[in-house]
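For reference, query-v6.pdb (PDB, C-alpha atoms):
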```pdb
ATOM      1  CA  LEU B   1      25.802  47.430 -13.295
ATOM      2  CA  GLY B   2      26.459  43.753 -12.681
ATOM      3  CA  ARG B   3      23.005  43.208 -11.227
ATOM      4  CA  ALA B   4      21.427  45.104 -14.126
ATOM      5  CA  ALA B   5      23.279  42.951 -16.645
ATOM      6  CA  ARG B   6      22.131  39.803 -14.820
ATOM      7  CA  SER B   7      18.498  40.899 -14.726
ATOM      8  CA  ARG B   8      18.293  41.572 -18.478
ATOM      9  CA  VAL B   9      19.506  38.174 -19.715
ATOM     10  CA  ASN B  10      17.587  34.970 -20.280
ATOM     11  CA  ALA B  11      20.667  32.774 -20.056
ATOM     12  CA  GLN B  12      21.382  29.541 -18.218
ATOM     13  CA  ILE B  13      24.012  30.422 -15.631
ATOM     14  CA  VAL B  14      26.514  28.324 -13.697
ATOM     15  CA  ALA B  15      28.671  29.462 -10.773
ATOM     16  CA  VAL B  16      31.926  27.610 -10.069
ATOM     17  CA  THR B  17      33.652  27.625  -6.710
ATOM     18  CA  GLY B  18      36.111  25.428  -4.819
ATOM     19  CA  SER B  19      39.407  25.570  -2.959
ATOM     20  CA  VAL B  20      41.228  24.534  -6.141
ATOM     21  CA  GLY B  21      40.198  23.780  -9.712
ATOM     22  CA  LYS B  22      37.830  26.721 -10.223
ATOM     23  CA  THR B  23      39.490  28.143 -13.320
ATOM     24  CA  GLY B  24      40.087  24.739 -14.926
ATOM     25  CA  ALA B  25      36.460  23.722 -14.413
ATOM     26  CA  LYS B  26      35.281  27.106 -15.705
ATOM     27  CA  GLU B  27      37.373  26.727 -18.855
ATOM     28  CA  SER B  28      36.059  23.179 -19.383
ATOM     29  CA  LEU B  29      32.494  24.473 -19.109
ATOM     30  CA  HIS B  30      33.274  27.278 -21.526
ATOM     31  CA  HIS B  31      34.731  24.821 -24.034
ATOM     32  CA  ILE B  32      31.638  22.582 -23.876
ATOM     33  CA  LEU B  33      28.948  25.268 -23.808
ATOM     34  CA  ALA B  34      30.445  27.554 -26.466
ATOM     35  CA  GLU B  35      29.784  24.768 -28.988
ATOM     36  CA  GLN B  36      26.079  24.988 -28.167
ATOM     37  CA  GLY B  37      25.349  28.704 -28.148
ATOM     38  CA  LYS B  38      26.716  32.137 -27.347
ATOM     39  CA  THR B  39      28.598  31.793 -24.069
ATOM     40  CA  HIS B  40      30.067  34.343 -21.660
ATOM     41  CA  ALA B  41      32.607  33.502 -18.946
ATOM     42  CA  SER B  42      34.726  35.212 -16.318
ATOM     43  CA  VAL B  43      38.145  36.229 -17.626
ATOM     44  CA  GLY B  44      41.100  34.676 -15.817
ATOM     45  CA  SER B  45      40.383  34.464 -12.087
ATOM     46  CA  PHE B  46      37.973  37.395 -11.808
ATOM     47  CA  ASN B  47      36.227  35.815  -8.834
ATOM     48  CA  ASN B  48      36.093  38.335  -5.984
ATOM     49  CA  HIS B  49      33.928  41.312  -5.004
ATOM     50  CA  TRP B  50      35.468  43.314  -7.860
ATOM     51  CA  GLY B  51      35.827  40.612 -10.495
ATOM     52  CA  VAL B  52      32.352  39.065 -10.233
ATOM     53  CA  PRO B  53      30.318  42.262 -10.792
ATOM     54  CA  LEU B  54      32.747  43.290 -13.531
ATOM     55  CA  SER B  55      32.255  39.922 -15.255
ATOM     56  CA  LEU B  56      28.488  40.318 -14.916
ATOM     57  CA  ALA B  57      28.568  43.856 -16.316
ATOM     58  CA  ARG B  58      30.505  42.636 -19.351
ATOM     59  CA  MET B  59      27.885  39.973 -20.151
ATOM     60  CA  PRO B  60      26.099  40.568 -23.493
ATOM     61  CA  ARG B  61      22.316  40.647 -23.468
ATOM     62  CA  ASP B  62      21.905  37.773 -25.957
ATOM     63  CA  VAL B  63      24.025  35.023 -24.338
ATOM     64  CA  LYS B  64      22.621  31.516 -24.031
ATOM     65  CA  PHE B  65      25.034  30.370 -21.306
ATOM     66  CA  ALA B  66      27.191  32.188 -18.761
ATOM     67  CA  ILE B  67      29.854  30.876 -16.388
ATOM     68  CA  PHE B  68      31.089  32.770 -13.350
ATOM     69  CA  GLU B  69      33.956  31.849 -11.056
ATOM     70  CA  LEU B  70      33.340  32.725  -7.393
ATOM     71  CA  GLY B  71      36.131  32.800  -4.817
ATOM     72  CA  MET B  72      36.608  33.720  -1.183
ATOM     73  CA  ASN B  73      39.282  34.304   1.450
ATOM     74  CA  HIS B  74      37.122  34.961   4.508
ATOM     75  CA  PRO B  75      33.697  33.978   5.863
ATOM     76  CA  GLY B  76      30.714  35.796   4.432
ATOM     77  CA  GLU B  77      32.126  36.485   0.973
ATOM     78  CA  LEU B  78      30.518  33.805  -1.229
ATOM     79  CA  GLY B  79      26.872  34.349  -0.342
ATOM     80  CA  PRO B  80      26.653  37.961  -1.614
ATOM     81  CA  LEU B  81      28.496  37.010  -4.835
ATOM     82  CA  SER B  82      26.107  34.121  -5.456
ATOM     83  CA  ARG B  83      23.061  36.304  -4.820
ATOM     84  CA  MET B  84      24.433  38.726  -7.396
ATOM     85  CA  VAL B  85      25.035  36.006 -10.026
ATOM     86  CA  ARG B  86      21.799  34.068  -9.298
ATOM     87  CA  PRO B  87      23.027  30.834 -10.919
ATOM     88  CA  HIS B  88      20.863  27.941 -12.033
ATOM     89  CA  VAL B  89      23.704  25.527 -11.244
ATOM     90  CA  ALA B  90      26.471  25.751  -8.630
ATOM     91  CA  LEU B  91      29.545  23.554  -9.155
ATOM     92  CA  ILE B  92      31.798  22.969  -6.129
ATOM     93  CA  THR B  93      35.068  21.446  -7.320
ATOM     94  CA  THR B  94      36.552  20.614  -3.916
ATOM     95  CA  VAL B  95      36.989  21.774  -0.329
ATOM     96  CA  ALA B  96      40.543  21.839   1.014
ATOM     97  CA  ALA B  97      42.596  23.541   3.721
ATOM     98  CA  ALA B  98      43.112  26.753   1.742
ATOM     99  CA  HIS B  99      42.700  30.104   3.566
ATOM    100  CA  LEU B 100      42.606  28.106   6.815
ATOM    101  CA  GLU B 101      43.934  31.133   8.702
ATOM    102  CA  ALA B 102      40.457  32.694   8.378
ATOM    103  CA  PHE B 103      38.534  29.562   9.402
ATOM    104  CA  GLU B 104      38.485  27.310  12.441
ATOM    105  CA  ASN B 105      38.759  24.119  10.387
ATOM    106  CA  VAL B 106      38.003  22.548   6.992
ATOM    107  CA  ASP B 107      34.359  22.100   7.991
ATOM    108  CA  GLY B 108      34.170  25.888   8.296
ATOM    109  CA  ILE B 109      35.528  26.230   4.776
ATOM    110  CA  ALA B 110      32.883  23.754   3.551
ATOM    111  CA  VAL B 111      30.125  25.808   5.172
ATOM    112  CA  GLU B 112      31.408  28.902   3.376
ATOM    113  CA  LYS B 113      31.665  27.042   0.050
ATOM    114  CA  ALA B 114      28.089  25.852   0.562
ATOM    115  CA  ALA B 115      27.067  29.525   0.662
ATOM    116  CA  VAL B 116      27.374  29.487  -3.136
ATOM    117  CA  MET B 117      23.901  27.927  -3.006
ATOM    118  CA  GLU B 118      22.392  31.034  -1.379
ATOM    119  CA  GLY B 119      21.858  32.623  -4.777
ATOM    120  CA  LEU B 120      20.645  29.504  -6.611
ATOM    121  CA  GLU B 121      17.501  30.143  -8.577
ATOM    122  CA  THR B 122      14.360  28.201  -7.638
ATOM    123  CA  GLY B 123      14.737  24.622  -8.831
ATOM    124  CA  GLY B 124      18.526  25.036  -9.030
ATOM    125  CA  THR B 125      21.116  22.275  -8.809
ATOM    126  CA  ALA B 126      24.260  21.915  -6.704
ATOM    127  CA  VAL B 127      26.957  19.759  -8.340
ATOM    128  CA  ILE B 128      29.118  18.406  -5.530
ATOM    129  CA  ASN B 129      32.436  16.557  -5.341
ATOM    130  CA  SER B 130      31.401  13.347  -3.553
ATOM    131  CA  ASP B 131      34.975  12.300  -2.765
ATOM    132  CA  ILE B 132      35.753  14.986  -0.192
ATOM    133  CA  GLU B 133      35.207  14.424   3.534
ATOM    134  CA  THR B 134      32.901  17.436   3.787
ATOM    135  CA  ALA B 135      30.581  16.367   0.950
ATOM    136  CA  GLY B 136      27.857  15.715   3.524
ATOM    137  CA  ILE B 137      27.850  19.356   4.606
ATOM    138  CA  LEU B 138      27.411  20.470   1.012
ATOM    139  CA  ARG B 139      24.643  17.962   0.298
ATOM    140  CA  GLN B 140      22.777  18.856   3.501
ATOM    141  CA  THR B 141      22.878  22.526   2.564
ATOM    142  CA  ALA B 142      21.489  21.767  -0.893
ATOM    143  CA  GLU B 143      18.689  19.618   0.464
ATOM    144  CA  ALA B 144      17.821  22.147   3.189
ATOM    145  CA  GLY B 145      17.415  24.735   0.463
ATOM    146  CA  THR B 146      15.239  22.309  -1.537
ATOM    147  CA  HIS B 147      17.810  22.280  -4.332
ATOM    148  CA  ALA B 148      18.733  19.198  -6.324
ATOM    149  CA  ALA B 149      22.130  17.703  -5.458
ATOM    150  CA  VAL B 150      24.254  15.876  -8.037
ATOM    151  CA  GLY B 151      27.349  14.015  -6.849
ATOM    152  CA  PHE B 152      30.453  13.318  -8.954
ATOM    153  CA  GLY B 153      33.673  11.409  -8.288
ATOM    154  CA  GLU B 154      34.764   7.887  -7.376
ATOM    155  CA  HIS B 155      32.038   7.926  -4.726
ATOM    156  CA  GLY B 156      29.672   9.914  -6.918
ATOM    157  CA  THR B 157      25.957   9.250  -6.706
ATOM    158  CA  ASP B 158      25.219  10.328 -10.282
ATOM    159  CA  TYR B 159      28.534  10.728 -12.122
ATOM    160  CA  VAL B 160      30.923   7.967 -11.045
ATOM    161  CA  LEU B 161      34.612   8.039 -11.971
ATOM    162  CA  THR B 162      35.680   4.464 -12.749
ATOM    163  CA  ASP B 163      39.125   4.747 -14.367
ATOM    164  CA  VAL B 164      41.742   7.363 -15.217
ATOM    165  CA  GLN B 165      44.721   6.720 -17.494
ATOM    166  CA  ILE B 166      47.385   9.268 -18.341
ATOM    167  CA  ILE B 167      49.134   8.612 -21.656
ATOM    168  CA  GLY B 168      51.634  11.301 -22.584
ATOM    169  CA  ASP B 169      49.829  14.629 -22.382
ATOM    170  CA  THR B 170      46.354  13.086 -22.532
ATOM    171  CA  THR B 171      44.068  12.089 -19.675
ATOM    172  CA  ILE B 172      41.648   9.295 -20.628
ATOM    173  CA  VAL B 173      38.627   9.091 -18.370
ATOM    174  CA  GLN B 174      36.065   6.334 -17.976
ATOM    175  CA  ALA B 175      32.978   7.027 -15.907
ATOM    176  CA  GLU B 176      29.295   6.312 -15.573
ATOM    177  CA  ALA B 177      26.653   9.002 -15.942
ATOM    178  CA  HIS B 178      23.395   7.837 -14.394
ATOM    179  CA  GLU B 179      24.653   4.242 -14.818
ATOM    180  CA  GLN B 180      25.431   4.794 -18.520
ATOM    181  CA  PRO B 181      29.069   4.383 -19.687
ATOM    182  CA  LEU B 182      30.966   7.582 -20.427
ATOM    183  CA  LEU B 183      34.396   7.925 -22.050
ATOM    184  CA  PHE B 184      36.170  11.232 -22.618
ATOM    185  CA  LYS B 185      39.682  12.560 -23.139
ATOM    186  CA  ILE B 186      41.309  15.763 -21.934
ATOM    187  CA  ALA B 187      44.320  17.150 -23.789
ATOM    188  CA  THR B 188      46.342  17.735 -20.631
ATOM    189  CA  ALA B 189      47.732  15.315 -18.063
ATOM    190  CA  GLY B 190      46.391  15.026 -14.530
ATOM    191  CA  ARG B 191      43.892  13.078 -12.474
ATOM    192  CA  HIS B 192      42.459  16.333 -11.096
ATOM    193  CA  PHE B 193      41.560  17.336 -14.666
ATOM    194  CA  ALA B 194      39.519  14.129 -14.927
ATOM    195  CA  MET B 195      37.579  15.132 -11.809
ATOM    196  CA  ASN B 196      37.052  18.706 -13.011
ATOM    197  CA  GLY B 197      35.947  17.429 -16.410
ATOM    198  CA  LEU B 198      33.438  15.061 -14.848
ATOM    199  CA  GLY B 199      32.069  17.864 -12.685
ATOM    200  CA  ALA B 200      31.790  20.124 -15.730
ATOM    201  CA  LEU B 201      29.826  17.476 -17.650
ATOM    202  CA  ALA B 202      27.471  17.047 -14.691
ATOM    203  CA  ALA B 203      26.980  20.821 -14.528
ATOM    204  CA  CYS B 204      26.236  20.992 -18.253
ATOM    205  CA  GLU B 205      23.543  18.364 -17.952
ATOM    206  CA  ALA B 206      22.040  20.197 -14.978
ATOM    207  CA  LEU B 207      21.913  23.344 -17.142
ATOM    208  CA  GLY B 208      19.962  21.466 -19.774
ATOM    209  CA  ALA B 209      22.879  21.471 -22.210
ATOM    210  CA  ASP B 210      24.358  18.526 -24.120
TER     211      ASP B 210
END
```
Could I get this structure in the form of structure tokens?
Amino acid sequence: LGRAARSRVNAQIVAVTGSVGKTGAKESLHHILAEQGKTHASVGSFNNHWGVPLSLARMPRDVKFAIFELGMNHPGELGPLSRMVRPHVALITTVAAAHLEAFENVDGIAVEKAAVMEGLETGGTAVINSDIETAGILRQTAEAGTHAAVGFGEHGTDYVLTDVQIIGDTTIVQAEAHEQPLLFKIATAGRHFAMNGLGALAACEALGAD
């Protein structure tokens, strides 16, 4: 049912994965894209082999944008989910030592996170956190699959984080998007929200959205 729902839509689709920050980035994307057209998104953390096809099956035929959260606990889980979702953009929030009991090291986790690109549509884009040590693994995977790679973060190649200020419950973010100044605010406090927000903006541009 999930695959049938995916095949009948003409939507721009983004898949979000990462050791942490998946749901926050997904909600940021939903907030941005819902202002620009009918948008469908995973509910809560429906990101596994049950939640992803269920989220797909619930997707209306006439959506303009759709956002799916993809998670994993063990090797070999992300690839099949990505091939089911067939995203145009894959956003990888971060790679950290989560679920390390199932992997030899963090590099192994990065390889599994990179599997989110297996389902990328032709001409798709991988949006990658440039600040993590394993960013090179993610970028190499994108380039090997002839996908575009967009980097975000303090060491970002395309979206560069230049300053973060937290005032009360507001995070004020200054960045550069393709060398153009960018200022935005998030109504919750935390540097990680600044990173997720920057990644979400990069993903929106890759989708062709504002």
With all atoms listed in the file as the atoms that count, which of B:Ile32, B:Val95, B:Val85, B:Ile137 lies nearest to Glu118 of chain B?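 Smallest distance to Glu118 of chain B is found for B:Val85.
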Which residues come within 9 Å of Val14 of chain B, counting all atoms listed in the file, excluding same-chain residues fewer than 6 positions away, as a list of chain:residue names?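 The neighbour list is B:Leu29, B:Phe65, B:Ala66, B:Ile67, B:Phe68, B:Glu69, B:Val85, B:Arg86, B:Pro87, B:His88, B:Val89, B:Ala90, B:Leu91, B:Ala203, B:Cys204, B:Leu207.
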Report the residues retrieved by the PyMOL selection byres ((chain B and resi 173-190) around 7) from the displayed file, expressed as a list in words. Asp158, Tyr159, Val160, Leu161, Thr162, Asp163, Val164, Gln165, Ile166, Asp169, Thr170, Thr171, Ile172, Arg191, His192, Phe193 and Ala194 of chain B
If you count all atoms listed in the file, which residues fall within 9 Å of Leu33 of chain B, apart from same-chain ones fewer than 2 positions away, as a list in words?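 My list of contacting residues is Ser28, Leu29, His30, His31, Glu35, Gln36, Gly37, Lys38, Thr39, Lys64, Phe65, Ala66, Cys204, Ala209 and Asp210 of chain B.
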Taking 6 positions as the minimum chain separation for residues in the same chain, which residues sit within 7 Å of Ala25 of chain B when counting only C-alpha atoms? Answer as a list in words. Asn196, Gly197 and Ala200 of chain B
Closest to Gln12 of chain B among B:Leu120, B:Ile109, B:Ile167, B:Leu54, using all atoms listed in the file?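 Between B:Leu120, B:Ile109, B:Ile167, B:Leu54, the residue approaching Gln12 of chain B most closely is B:Leu120.
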Exactly which residues make up the result of the PyMOL selection byres ((chain B and resi 150-153) around 9) on this file, given as a tab-separated table (two decimals) with C-alpha atoms, in the coordinates of the input?
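And here's part.tsv as it stands now:
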```tsv
chain	number	residue	atom	x	y	z
B	125	THR	CA	21.12	22.28	-8.81
B	126	ALA	CA	24.26	21.92	-6.70
B	127	VAL	CA	26.96	19.76	-8.34
B	128	ILE	CA	29.12	18.41	-5.53
B	129	ASN	CA	32.44	16.56	-5.34
B	130	SER	CA	31.40	13.35	-3.55
B	131	ASP	CA	34.98	12.30	-2.76
B	135	ALA	CA	30.58	16.37	0.95
B	139	ARG	CA	24.64	17.96	0.30
B	148	ALA	CA	18.73	19.20	-6.32
B	149	ALA	CA	22.13	17.70	-5.46
B	154	GLU	CA	34.76	7.89	-7.38
B	155	HIS	CA	32.04	7.93	-4.73
B	156	GLY	CA	29.67	9.91	-6.92
B	157	THR	CA	25.96	9.25	-6.71
B	158	ASP	CA	25.22	10.33	-10.28
B	159	TYR	CA	28.53	10.73	-12.12
B	160	VAL	CA	30.92	7.97	-11.04
B	161	LEU	CA	34.61	8.04	-11.97
B	162	THR	CA	35.68	4.46	-12.75
B	175	ALA	CA	32.98	7.03	-15.91
B	195	MET	CA	37.58	15.13	-11.81
B	198	LEU	CA	33.44	15.06	-14.85
B	199	GLY	CA	32.07	17.86	-12.68
B	202	ALA	CA	27.47	17.05	-14.69
B	203	ALA	CA	26.98	20.82	-14.53
B	206	ALA	CA	22.04	20.20	-14.98
```
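Note that the spacing between atom CA of Ala115 of chain B and atom CA of His40 of chain B amounts to 23.0 Å.
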Tell me, in Å to one decimal, how far atom CA of Ala4 of chain B is from atom CA of Ala57 of chain B.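 The value is 7.6 Å.
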Close residues, Thr23 of chain B itself excluded, 7 Å, only C-alpha atoms, min 3 positions apart in chain, as a count of residues only: 3
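A straight line drawn from atom CA of Gly18 of chain B to atom CA of Val106 of chain B is 12.3 Å long.
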Which residues, written as number ranges by chain, have at least one atom at most 9 Å from Ala5 of chain B, with all atoms listed in the file counted and residues fewer than 3 positions away on the same chain left out? B: 1-2, 8-9, 56-61
Restrict the selected residues to C-alpha atoms and save them as a CSV table (one decimal), keeping the file's coordinate frame.
```
chain,number,residue,atom,x,y,z
B,1,LEU,CA,25.8,47.4,-13.3
B,2,GLY,CA,26.5,43.8,-12.7
B,8,ARG,CA,18.3,41.6,-18.5
B,9,VAL,CA,19.5,38.2,-19.7
B,56,LEU,CA,28.5,40.3,-14.9
B,57,ALA,CA,28.6,43.9,-16.3
B,58,ARG,CA,30.5,42.6,-19.4
B,59,MET,CA,27.9,40.0,-20.2
B,60,PRO,CA,26.1,40.6,-23.5
B,61,ARG,CA,22.3,40.6,-23.5
```
Between B:Gly145, B:Gly24, B:Gly51, B:Gly168, which one has atoms that come closest to Leu70 of chain B, using only C-alpha atoms? B:Gly51
Which residue out of B:Asn105, B:Arg3, B:Ala114, B:Ala34 has the minimum interatomic distance to Gly136 of chain B when all atoms listed in the file are used?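 Among the listed residues, the smallest separation from Gly136 of chain B belongs to B:Ala114.
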Go through B:Asp62, B:Pro80, B:Ile92, B:Pro53 and flag the residue nearest Ala15 of chain B, using only C-alpha atoms for the distances.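 With only C-alpha atoms as the atom set, the closest residue is B:Ile92.
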Here is a test: counting all atoms listed in the file, which residue of B:Gly79, B:Val52, B:Lys113, B:Leu201 is nearest to Arg6 of chain B?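 Checking each of B:Gly79, B:Val52, B:Lys113, B:Leu201 against Arg6 of chain B, counting all atoms listed in the file, the winner is B:Val52.
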